[in-house]
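Engineer: Hey, dropping start31.tsv in here, TSV, C-alpha atoms:
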chain	number	residue	atom	x	y	z
A	1	MET	CA	-20.02	31.15	42.60
A	2	SER	CA	-22.58	29.25	40.55
A	3	ASN	CA	-24.81	26.78	42.35
A	4	SER	CA	-23.59	23.70	40.41
A	5	ASN	CA	-24.36	21.39	43.33
A	6	VAL	CA	-28.11	21.72	43.19
A	7	ASP	CA	-30.02	19.20	41.04
A	8	ALA	CA	-33.67	18.48	40.43
A	9	ASP	CA	-33.96	16.71	43.78
A	10	GLY	CA	-32.59	19.61	45.83
A	11	PRO	CA	-29.21	20.41	47.36
A	12	ILE	CA	-26.43	17.93	48.11
A	13	HIS	CA	-26.69	16.62	51.67
A	14	ILE	CA	-23.48	16.78	53.67
A	15	LEU	CA	-22.97	15.26	57.11
A	16	TYR	CA	-20.43	17.15	59.21
A	17	ILE	CA	-19.03	15.11	62.12
A	18	ASP	CA	-17.29	17.36	64.69
A	19	ASP	CA	-17.65	18.08	68.41
A	20	ASP	CA	-17.19	21.85	67.82
A	21	GLU	CA	-20.67	23.37	67.60
A	22	GLU	CA	-19.41	26.84	66.63
A	23	LEU	CA	-17.47	25.43	63.67
A	24	ALA	CA	-20.48	23.31	62.73
A	25	LEU	CA	-22.63	26.45	62.53
A	26	LEU	CA	-20.00	28.12	60.34
A	27	MET	CA	-19.95	25.03	58.13
A	28	GLN	CA	-23.73	25.09	57.72
A	29	LYS	CA	-23.71	28.82	56.92
A	30	ASN	CA	-20.80	28.86	54.45
A	31	LEU	CA	-21.52	25.60	52.64
A	32	GLY	CA	-25.20	26.54	52.54
A	33	ARG	CA	-24.24	29.59	50.48
A	34	ARG	CA	-22.45	27.26	48.07
A	35	GLY	CA	-25.47	25.03	47.47
A	36	PHE	CA	-24.98	22.35	50.12
A	37	SER	CA	-27.32	21.30	52.89
A	38	VAL	CA	-25.25	20.49	56.01
A	39	GLU	CA	-26.33	18.32	58.93
A	40	TRP	CA	-24.25	18.21	62.10
A	41	ALA	CA	-23.34	15.20	64.22
A	42	GLN	CA	-21.31	16.00	67.34
A	43	SER	CA	-19.88	12.48	67.84
A	44	GLY	CA	-18.82	9.47	65.85
A	45	ALA	CA	-21.74	7.41	67.15
A	46	ALA	CA	-24.25	10.08	66.19
A	47	GLY	CA	-22.66	10.39	62.76
A	48	LEU	CA	-22.80	6.66	62.13
A	49	ALA	CA	-26.41	6.53	63.27
A	50	ARG	CA	-27.33	9.34	60.86
A	51	LEU	CA	-25.51	7.63	58.00
A	52	GLY	CA	-27.49	4.48	58.74
A	53	GLU	CA	-30.70	6.37	58.02
A	54	GLY	CA	-29.51	7.18	54.47
A	55	GLY	CA	-29.86	10.32	52.39
A	56	ILE	CA	-26.31	11.59	52.94
A	57	ASP	CA	-24.30	12.37	49.82
A	58	ALA	CA	-20.91	13.12	51.39
A	59	VAL	CA	-19.23	13.36	54.80
A	60	VAL	CA	-16.81	15.88	56.27
A	61	LEU	CA	-15.11	14.13	59.18
A	62	ASP	CA	-13.05	16.00	61.76
A	63	HIS	CA	-9.89	14.40	63.14
A	64	LEU	CA	-10.13	15.35	66.84
A	65	LEU	CA	-13.37	14.31	68.50
A	66	THR	CA	-14.23	13.94	72.18
A	67	GLY	CA	-12.63	10.71	73.37
A	68	GLU	CA	-11.80	9.49	69.85
A	69	THR	CA	-10.41	10.54	66.49
A	70	GLY	CA	-11.84	10.53	63.03
A	71	LEU	CA	-9.50	7.64	62.23
A	72	ASP	CA	-11.53	5.53	64.66
A	73	ILE	CA	-14.75	6.40	62.82
A	74	LEU	CA	-13.52	6.33	59.23
A	75	PRO	CA	-13.27	2.51	58.88
A	76	CYS	CA	-16.85	2.18	60.15
A	77	ILE	CA	-17.99	4.52	57.39
A	78	THR	CA	-15.99	2.88	54.61
A	79	ASP	CA	-17.27	-0.54	55.68
A	80	MET	CA	-20.81	0.57	54.86
A	81	PRO	CA	-22.09	-0.66	51.49
A	82	ASP	CA	-22.07	2.09	48.87
A	83	HIS	CA	-20.81	4.54	51.49
A	84	PRO	CA	-20.68	8.29	50.69
A	85	PRO	CA	-17.30	9.89	49.98
A	86	VAL	CA	-15.46	11.25	53.03
A	87	ILE	CA	-13.41	14.45	53.25
A	88	TYR	CA	-11.09	14.23	56.26
A	89	ALA	CA	-10.54	17.54	58.06
A	90	THR	CA	-7.69	18.15	60.47
A	91	GLY	CA	-6.15	21.17	62.13
A	92	SER	CA	-2.76	19.46	62.27
A	93	ASP	CA	-0.16	19.78	59.54
A	94	ASP	CA	1.12	16.30	60.39
A	95	THR	CA	1.20	14.57	57.01
A	96	GLY	CA	1.04	11.20	58.76
A	97	ILE	CA	-2.58	11.89	59.69
A	98	ALA	CA	-3.47	12.68	56.08
A	99	VAL	CA	-1.71	9.55	54.82
A	100	ALA	CA	-3.47	7.39	57.42
A	101	ALA	CA	-6.85	8.88	56.48
A	102	LEU	CA	-6.33	8.27	52.76
A	103	LYS	CA	-5.20	4.71	53.43
A	104	ALA	CA	-8.32	4.16	55.52
A	105	GLY	CA	-10.55	5.17	52.61
A	106	ALA	CA	-10.96	8.96	52.75
A	107	ASP	CA	-11.44	10.55	49.34
A	108	ASP	CA	-9.52	13.69	50.28
A	109	TYR	CA	-8.27	15.64	53.26
A	110	MET	CA	-8.29	19.33	54.23
A	111	LEU	CA	-6.44	21.53	56.71
A	112	LYS	CA	-9.20	23.13	58.81
A	113	GLY	CA	-9.82	26.85	58.82
A	114	ILE	CA	-12.56	29.43	59.10
A	115	SER	CA	-11.71	31.69	56.16
A	116	ALA	CA	-13.78	32.00	52.98
A	117	ASP	CA	-10.89	30.39	51.08
A	118	TYR	CA	-11.13	27.30	53.28
A	119	PHE	CA	-14.82	26.86	52.56
A	120	ASP	CA	-14.22	27.45	48.84
A	121	LEU	CA	-11.56	24.72	48.85
A	122	LEU	CA	-13.79	22.41	50.88
A	123	ALA	CA	-16.68	22.93	48.47
A	124	ALA	CA	-14.38	22.15	45.54
A	125	ALA	CA	-13.09	19.02	47.31
A	126	LEU	CA	-16.68	17.89	47.95
A	127	GLU	CA	-17.63	18.45	44.32
A	128	GLN	CA	-14.64	16.44	43.14
A	129	ALA	CA	-15.32	13.64	45.64
A	130	LEU	CA	-18.97	13.48	44.56
A	131	GLU	CA	-17.92	13.39	40.91
A	132	ARG	CA	-15.53	10.53	41.61
A	133	ALA	CA	-18.24	8.69	43.52
A	134	ARG	CA	-20.66	9.20	40.63
A	135	PHE	CA	-18.06	7.88	38.20
A	136	ARG	CA	-17.46	4.80	40.37
A	137	ARG	CA	-21.20	4.11	40.55
A	138	GLU	CA	-21.66	4.49	36.81
A	139	THR	CA	-18.62	2.30	36.14
A	140	ALA	CA	-19.94	-0.37	38.50
A	141	GLN	CA	-23.36	-0.19	36.84
A	142	ALA	CA	-21.81	-0.46	33.39
A	143	GLN	CA	-19.71	-3.43	34.48
A	144	GLU	CA	-22.81	-5.08	35.92
A	145	VAL	CA	-24.67	-4.59	32.64
A	146	ILE	CA	-21.69	-6.05	30.76
A	147	ARG	CA	-21.58	-9.01	33.17
A	148	GLN	CA	-25.29	-9.66	32.72
A	149	GLN	CA	-25.00	-9.43	28.94
A	150	ARG	CA	-21.98	-11.76	28.99
A	151	ASP	CA	-23.84	-14.26	31.18
A	152	LEU	CA	-26.82	-14.12	28.84
A	153	ALA	CA	-24.61	-14.61	25.78
A	154	GLU	CA	-22.85	-17.57	27.44
A	155	MET	CA	-26.21	-19.09	28.38
A	156	LEU	CA	-27.50	-18.71	24.81
A	157	LEU	CA	-24.26	-20.13	23.40
A	158	ALA	CA	-24.48	-23.08	25.79
A	159	GLU	CA	-28.03	-23.68	24.59
A	160	VAL	CA	-26.89	-23.55	20.96
A	161	ASN	CA	-24.10	-26.05	21.67
A	162	HIS	CA	-26.57	-28.25	23.54
A	163	ARG	CA	-28.94	-28.29	20.59
A	164	ILE	CA	-26.13	-28.93	18.10
A	165	ALA	CA	-24.88	-31.85	20.20
A	166	ASN	CA	-28.42	-33.25	20.46
A	167	SER	CA	-28.98	-32.87	16.72
A	168	LEU	CA	-25.69	-34.58	15.91
A	169	GLY	CA	-26.58	-37.30	18.41
A	170	LEU	CA	-29.86	-37.80	16.58
A	171	VAL	CA	-28.04	-38.03	13.24
A	172	GLY	CA	-25.69	-40.61	14.76
A	173	ALA	CA	-28.64	-42.61	16.05
A	174	LEU	CA	-30.26	-42.58	12.58
A	175	ILE	CA	-27.03	-43.84	11.05
A	176	ARG	CA	-26.83	-46.58	13.66
A	177	MET	CA	-30.40	-47.62	12.85
A	178	GLN	CA	-29.56	-47.63	9.15
A	179	SER	CA	-26.49	-49.81	9.69
A	180	SER	CA	-28.55	-52.31	11.70
A	181	MET	CA	-30.81	-52.78	8.67
A	182	THR	CA	-27.94	-53.28	6.23
A	183	LYS	CA	-26.43	-56.68	5.34
A	184	ASP	CA	-23.44	-55.41	3.36
A	185	GLN	CA	-20.44	-55.42	5.74
A	186	VAL	CA	-18.61	-52.75	3.73
A	187	ALA	CA	-21.63	-50.45	4.07
A	188	ILE	CA	-21.94	-51.28	7.77
A	189	ASP	CA	-18.27	-50.38	8.34
A	190	ALA	CA	-18.65	-47.15	6.38
A	191	LEU	CA	-21.73	-46.12	8.34
A	192	HIS	CA	-20.01	-47.00	11.59
A	193	GLU	CA	-17.00	-44.80	10.71
A	194	THR	CA	-19.33	-41.98	9.70
A	195	GLN	CA	-21.06	-42.28	13.05
A	196	MET	CA	-17.72	-42.00	14.86
A	197	ARG	CA	-16.81	-38.89	12.86
A	198	ILE	CA	-20.10	-37.30	13.81
A	199	ASN	CA	-19.49	-38.23	17.44
A	200	ALA	CA	-16.06	-36.55	17.33
A	201	ILE	CA	-17.81	-33.29	16.42
A	202	ALA	CA	-20.75	-33.73	18.80
A	203	SER	CA	-18.36	-34.41	21.68
A	204	VAL	CA	-16.85	-30.94	21.27
A	205	HIS	CA	-20.26	-29.28	21.55
A	206	ARG	CA	-21.20	-31.42	24.55
A	207	ARG	CA	-18.03	-30.30	26.30
A	208	LEU	CA	-18.70	-26.66	25.44
A	209	TYR	CA	-22.12	-26.59	27.06
A	210	THR	CA	-21.41	-28.91	30.01
A	211	ASN	CA	-18.28	-26.97	31.05
A	212	ARG	CA	-19.75	-23.55	30.22
A	213	GLN	CA	-16.72	-22.78	28.05
A	214	VAL	CA	-16.88	-20.16	25.32
A	215	GLY	CA	-14.85	-20.57	22.16
A	216	SER	CA	-12.24	-23.00	23.50
A	217	VAL	CA	-11.96	-26.55	24.78
A	218	GLN	CA	-9.45	-28.27	27.06
A	219	VAL	CA	-7.78	-30.73	24.69
A	220	ASP	CA	-6.80	-33.38	27.25
A	221	GLU	CA	-10.31	-33.61	28.70
A	222	TYR	CA	-11.91	-33.69	25.27
A	223	LEU	CA	-9.62	-36.41	23.91
A	224	ASP	CA	-10.03	-38.48	27.07
A	225	SER	CA	-13.80	-38.46	26.56
A	226	LEU	CA	-13.56	-39.03	22.79
A	227	LEU	CA	-11.09	-41.91	23.04
A	228	THR	CA	-13.05	-43.58	25.84
A	229	GLU	CA	-16.13	-43.60	23.60
A	230	LEU	CA	-14.07	-44.68	20.59
A	231	GLU	CA	-12.51	-47.62	22.42
A	232	ALA	CA	-15.87	-48.74	23.81
A	233	SER	CA	-17.34	-48.58	20.32
A	234	MET	CA	-14.58	-50.48	18.48
A	235	ARG	CA	-13.20	-52.93	21.00
A	236	ASP	CA	-14.39	-56.53	20.62
A	237	ASP	CA	-12.97	-60.07	20.64
A	238	ASN	CA	-11.26	-59.56	17.28
A	239	ARG	CA	-9.88	-56.15	18.30
A	240	PRO	CA	-9.12	-56.28	22.04
A	241	HIS	CA	-6.94	-53.18	21.84
A	242	ARG	CA	-6.31	-50.51	24.45
A	243	ILE	CA	-5.96	-46.76	23.86
A	244	VAL	CA	-3.49	-44.91	26.08
A	245	LEU	CA	-3.69	-41.09	26.19
A	246	ALA	CA	-0.95	-38.75	27.43
A	247	ALA	CA	-2.03	-35.15	26.86
A	248	GLN	CA	-1.03	-31.82	28.35
A	249	PRO	CA	-3.82	-29.47	29.50
A	250	VAL	CA	-3.88	-27.20	26.44
A	251	LYS	CA	-6.84	-25.01	25.53
A	252	LEU	CA	-7.68	-24.87	21.86
A	253	ALA	CA	-10.20	-22.92	19.79
A	254	THR	CA	-13.39	-24.82	19.01
A	255	ASP	CA	-12.82	-25.14	15.26
A	256	LYS	CA	-9.30	-26.47	15.78
A	257	VAL	CA	-10.49	-28.93	18.41
A	258	ILE	CA	-13.08	-30.33	16.01
A	259	THR	CA	-10.42	-30.73	13.31
A	260	LEU	CA	-8.01	-32.33	15.78
A	261	GLY	CA	-10.74	-34.68	17.01
A	262	LEU	CA	-11.46	-35.85	13.46
A	263	ILE	CA	-7.77	-36.47	12.82
A	264	VAL	CA	-7.37	-38.44	16.06
A	265	SER	CA	-10.54	-40.40	15.31
A	266	GLU	CA	-9.28	-41.37	11.84
A	267	LEU	CA	-5.80	-42.38	13.00
A	268	VAL	CA	-7.04	-44.38	15.99
A	269	THR	CA	-9.74	-46.07	13.90
A	270	ASN	CA	-7.13	-47.09	11.32
A	271	ALA	CA	-4.89	-48.47	14.08
A	272	PHE	CA	-7.79	-50.41	15.58
A	273	LYS	CA	-8.71	-51.92	12.23
A	274	TYR	CA	-5.34	-52.61	10.64
A	275	ALA	CA	-2.42	-52.48	13.10
A	276	TYR	CA	-2.80	-55.89	14.76
A	277	PRO	CA	-4.00	-59.32	13.57
A	278	ASP	CA	-7.49	-60.40	14.60
A	279	GLY	CA	-7.64	-61.59	18.19
A	280	VAL	CA	-4.23	-60.13	19.08
A	281	SER	CA	-4.37	-57.33	21.64
A	282	GLY	CA	-2.31	-54.23	21.10
A	283	GLU	CA	-1.75	-50.75	22.45
A	284	ILE	CA	-2.58	-47.55	20.59
A	285	ARG	CA	-0.91	-44.48	22.09
A	286	VAL	CA	-2.08	-40.90	21.65
A	287	THR	CA	0.24	-38.11	22.83
A	288	VAL	CA	-0.45	-34.38	22.80
A	289	ASP	CA	2.09	-31.84	24.01
A	290	GLN	CA	2.90	-28.17	23.54
A	291	ALA	CA	6.24	-26.52	22.83
A	292	ASP	CA	7.21	-23.12	21.41
A	293	GLU	CA	3.64	-22.01	20.63
A	294	ALA	CA	3.00	-25.23	18.69
A	295	LEU	CA	0.93	-28.31	19.46
A	296	ARG	CA	2.19	-31.77	18.56
A	297	LEU	CA	-0.01	-34.83	18.16
A	298	ILE	CA	1.43	-38.35	17.94
A	299	VAL	CA	-0.68	-41.45	17.30
A	300	GLU	CA	1.34	-44.68	17.27
A	301	ASP	CA	1.07	-48.43	17.61
A	302	ASP	CA	3.44	-51.44	17.61
A	303	GLY	CA	1.64	-53.33	14.88
A	304	ALA	CA	2.29	-54.33	11.32
A	305	GLY	CA	3.35	-50.92	10.13
A	306	PHE	CA	2.10	-48.71	7.32
A	307	GLU	CA	3.68	-47.60	4.09
A	308	PRO	CA	2.12	-44.27	3.00
A	309	SER	CA	2.93	-44.93	-0.67
A	310	SER	CA	1.08	-48.26	-0.67
A	311	PRO	CA	-2.56	-48.48	-1.83
A	312	ALA	CA	-5.05	-47.26	0.75
A	313	TRP	CA	-6.94	-49.74	2.86
A	314	GLY	CA	-10.68	-49.67	2.32
A	315	THR	CA	-12.17	-46.80	0.30
A	316	GLY	CA	-9.37	-44.34	1.02
A	317	LEU	CA	-11.89	-41.82	2.40
A	318	GLY	CA	-10.08	-41.74	5.75
A	319	THR	CA	-6.82	-40.77	4.05
A	320	ARG	CA	-8.55	-37.95	2.16
A	321	ILE	CA	-10.15	-36.71	5.38
A	322	LEU	CA	-6.76	-36.76	7.14
A	323	THR	CA	-5.14	-34.82	4.30
A	324	ALA	CA	-7.90	-32.20	4.25
A	325	MET	CA	-7.99	-31.78	8.03
A	326	ALA	CA	-4.20	-31.51	8.31
A	327	ALA	CA	-4.21	-28.87	5.57
A	328	SER	CA	-6.94	-26.86	7.32
A	329	LEU	CA	-4.68	-26.64	10.41
A	330	LYS	CA	-1.71	-25.58	8.23
A	331	SER	CA	0.15	-28.39	9.91
A	332	ASP	CA	3.12	-30.60	9.22
A	333	PHE	CA	1.83	-34.17	9.00
A	334	ALA	CA	4.06	-37.19	8.42
A	335	TYR	CA	4.56	-40.87	9.17
A	336	ASP	CA	7.79	-41.96	10.86
A	337	PRO	CA	9.43	-44.58	8.61
A	338	GLY	CA	11.84	-45.64	11.35
A	339	HIS	CA	9.17	-46.64	13.84
A	340	ASP	CA	8.38	-50.32	14.41
A	341	GLY	CA	4.69	-50.17	13.72
A	342	THR	CA	2.95	-46.97	12.68
A	343	ARG	CA	3.63	-43.51	14.07
A	344	ALA	CA	1.85	-40.45	12.68
A	345	THR	CA	2.95	-37.00	13.82
A	346	LEU	CA	1.09	-33.74	13.30
A	347	VAL	CA	2.41	-30.33	14.39
A	348	PHE	CA	0.63	-26.99	14.03
A	349	SER	CA	0.95	-23.47	15.39
A	350	LEU	CA	-1.22	-22.33	18.31
A	351	GLN	CA	-0.88	-18.70	17.25
A	352	GLU	CA	-3.84	-17.20	15.45
A	353	GLY	CA	-3.33	-16.69	11.74
A	354	LYS	CA	-0.41	-19.12	11.55
Go through the file and emit its structure as structure tokens.

Structural biologist:
Amino acid sequence: MSNSNVDADGPIHILYIDDDEELALLMQKNLGRRGFSVEWAQSGAAGLARLGEGGIDAVVLDHLLTGETGLDILPCITDMPDHPPVIYATGSDDTGIAVAALKAGADDYMLKGISADYFDLLAAALEQALERARFRRETAQAQEVIRQQRDLAEMLLAEVNHRIANSLGLVGALIRMQSSMTKDQVAIDALHETQMRINAIASVHRRLYTNRQVGSVQVDEYLDSLLTELEASMRDDNRPHRIVLAAQPVKLATDKVITLGLIVSELVTNAFKYAYPDGVSGEIRVTVDQADEALRLIVEDDGAGFEPSSPAWGTGLGTRILTAMAASLKSDFAYDPGHDGTRATLVFSLQEGK
């Protein structure tokens, strides 16, 4: 038999736990011929003490020991961190013992003997157990490397999102400074709307890095933050309106969240500006729900109403943005003509590619 068990560091070290000295000597002699170095421990306590010193590659554990059984010792071995594989040896053909040993963490079991065939089978069982242990170690190491690489990628992505959010925040601040130096009210309103659009995008990136999310955002949390900022920015004595959000906890890909945020921002801004007369408070409701792999957005108010075929208020840029964003989501977008006030509904598929 070839000596496949010997590596550059010497033979494989086996600990044999048994109270039978004669069988221990046979084990040392026969496994030694097969490339193993066998140490003997005549009790469970001695075996555990030797294992605690390290340097043991595998264990052969006998079932019947003085005053105890191998089943008493086996859990103590398997509780050790990175414990060596255990071959459970028993002279009994009671399958219940084998089942109990395997359930307790043994890698394999053997019916004891003293023939050459027995030691050949034991050597093969040890080789297989060591190979399985090596595979488990390599798998665990590979998984650890993958985990570390994933953590690094998530950290770098969080940093990218942080920097994007900061850069967009800086752009928004520059626009705010520009609007403060402008006298033209139309230009001020346009700059203010541009700032809110930028904020809708920046808010997504802030949520990505603060929540350590990768590639997706919780829609309800994002819209709650966005609409809180939007209301604080637009509400004044002439527009004392309140935004009410009812959204299910749906996760959405980053690009779709940004598009959805821009659509919500445009619709809510329009409602704030045009739904109610100056000084009259009103409610603007935003609803997001999911059904049949589709997401539905409703933005509605109880104001003056809106006729889509009528000329656009302002520059019409908001309407063009809405049309473009709705098209990018491949959505169905429509106004409800039967609603008292304005109700816009957008529905799009949550399935990729649809």

Engineer: Show which residues sit within 10 Å of Ile14 of chain A, as a PyMOL selection string. Count all atoms listed in the file, and ignore same-chain residues fewer than 6 positions away.

Structural biologist: chain A and resi 28+31-32+36-40+55-60+84-86+126

Engineer: Point out the residue among A:Leu15, A:Leu25, A:Ile146, A:Ile114 with the least atom-to-atom distance to Ala49 of chain A, counting all atoms listed in the file.

Structural biologist: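 Checking each candidate against Ala49 of chain A, we get A:Leu15 as the closest.
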
Engineer: Can you pull out the residues contacting Asp292 of chain A? Cut-off 12 Å, using only C-alpha atoms, and skip same-chain residues under 5 positions away; I want them as a ChimeraX atom specification.

Structural biologist: /A:347-351

Engineer: Taking (-13.0, 12.0, 70.3) in the file's coordinates as the center, which residues reach within 12 Å of it, counting all atoms listed in the file, put as a PyMOL selection string?

Structural biologist: chain A and resi 17-20+42-45+61-73

Engineer: Mind giving me the straight-line distance from atom CA of Val250 of chain A to atom CA of Ile263 of chain A in Å, one decimal?

Structural biologist: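 So the two atoms, atom CA of Val250 of chain A and atom CA of Ile263 of chain A, lie 16.9 Å apart.
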
Engineer: Using only C-alpha atoms, find all polymer residues with an atom at most 12 Å away from the point (-28.1, -49.6, 10.3); report them as a list in words.

Structural biologist: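 Collected hits near the coordinates: Val171, Gly172, Ala173, Leu174, Ile175, Arg176, Met177, Gln178, Ser179, Ser180, Met181, Thr182, Lys183, Asp184, Gln185, Val186, Ala187, Ile188, Asp189, Ala190, Leu191, His192, Thr194 and Gln195 of chain A.
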
Engineer: Please provide as number ranges by chain all residues within 8 Å of Tyr335 of chain A, with the sequence filter that same-chain residues fewer than 3 positions apart are discarded (counting all atoms listed in the file).

Structural biologist: A: 308, 342-345

Engineer: How many Å separate atom CA of Asp336 of chain A from atom CA of Gln218 of chain A?

Structural biologist: 27.3 Å

Engineer: For Leu102 of chain A, which residue out of A:Ala123, A:Pro75, A:Glu221, A:Leu48 is the nearest one, using only C-alpha atoms?

Structural biologist: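 Closest to Leu102 of chain A, using only C-alpha atoms: A:Pro75.
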
Engineer: Take atom CA of Ala294 of chain A and atom CA of Phe306 of chain A and report the distance between them in Å, one decimal.

Structural biologist: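 Between these atoms lies a distance of 26.1 Å.
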
Engineer: Find the spatial neighbours of Thr228 of chain A, counting only C-alpha atoms, within a cut-off of 10 Å - ignore same-chain residues fewer than 6 positions away - and output them as a PyMOL selection string.

Structural biologist: chain A and resi 222+242-245

Engineer: Identify, on the basis of all atoms listed in the file, every residue whose closest approach to segment 338-340 of chain A does not exceed 8 Å; exclude the query and any residue fewer than 6 positions from it along the same chain; express the result as a VMD selection string.

Structural biologist: chain A and resid 302 to 305
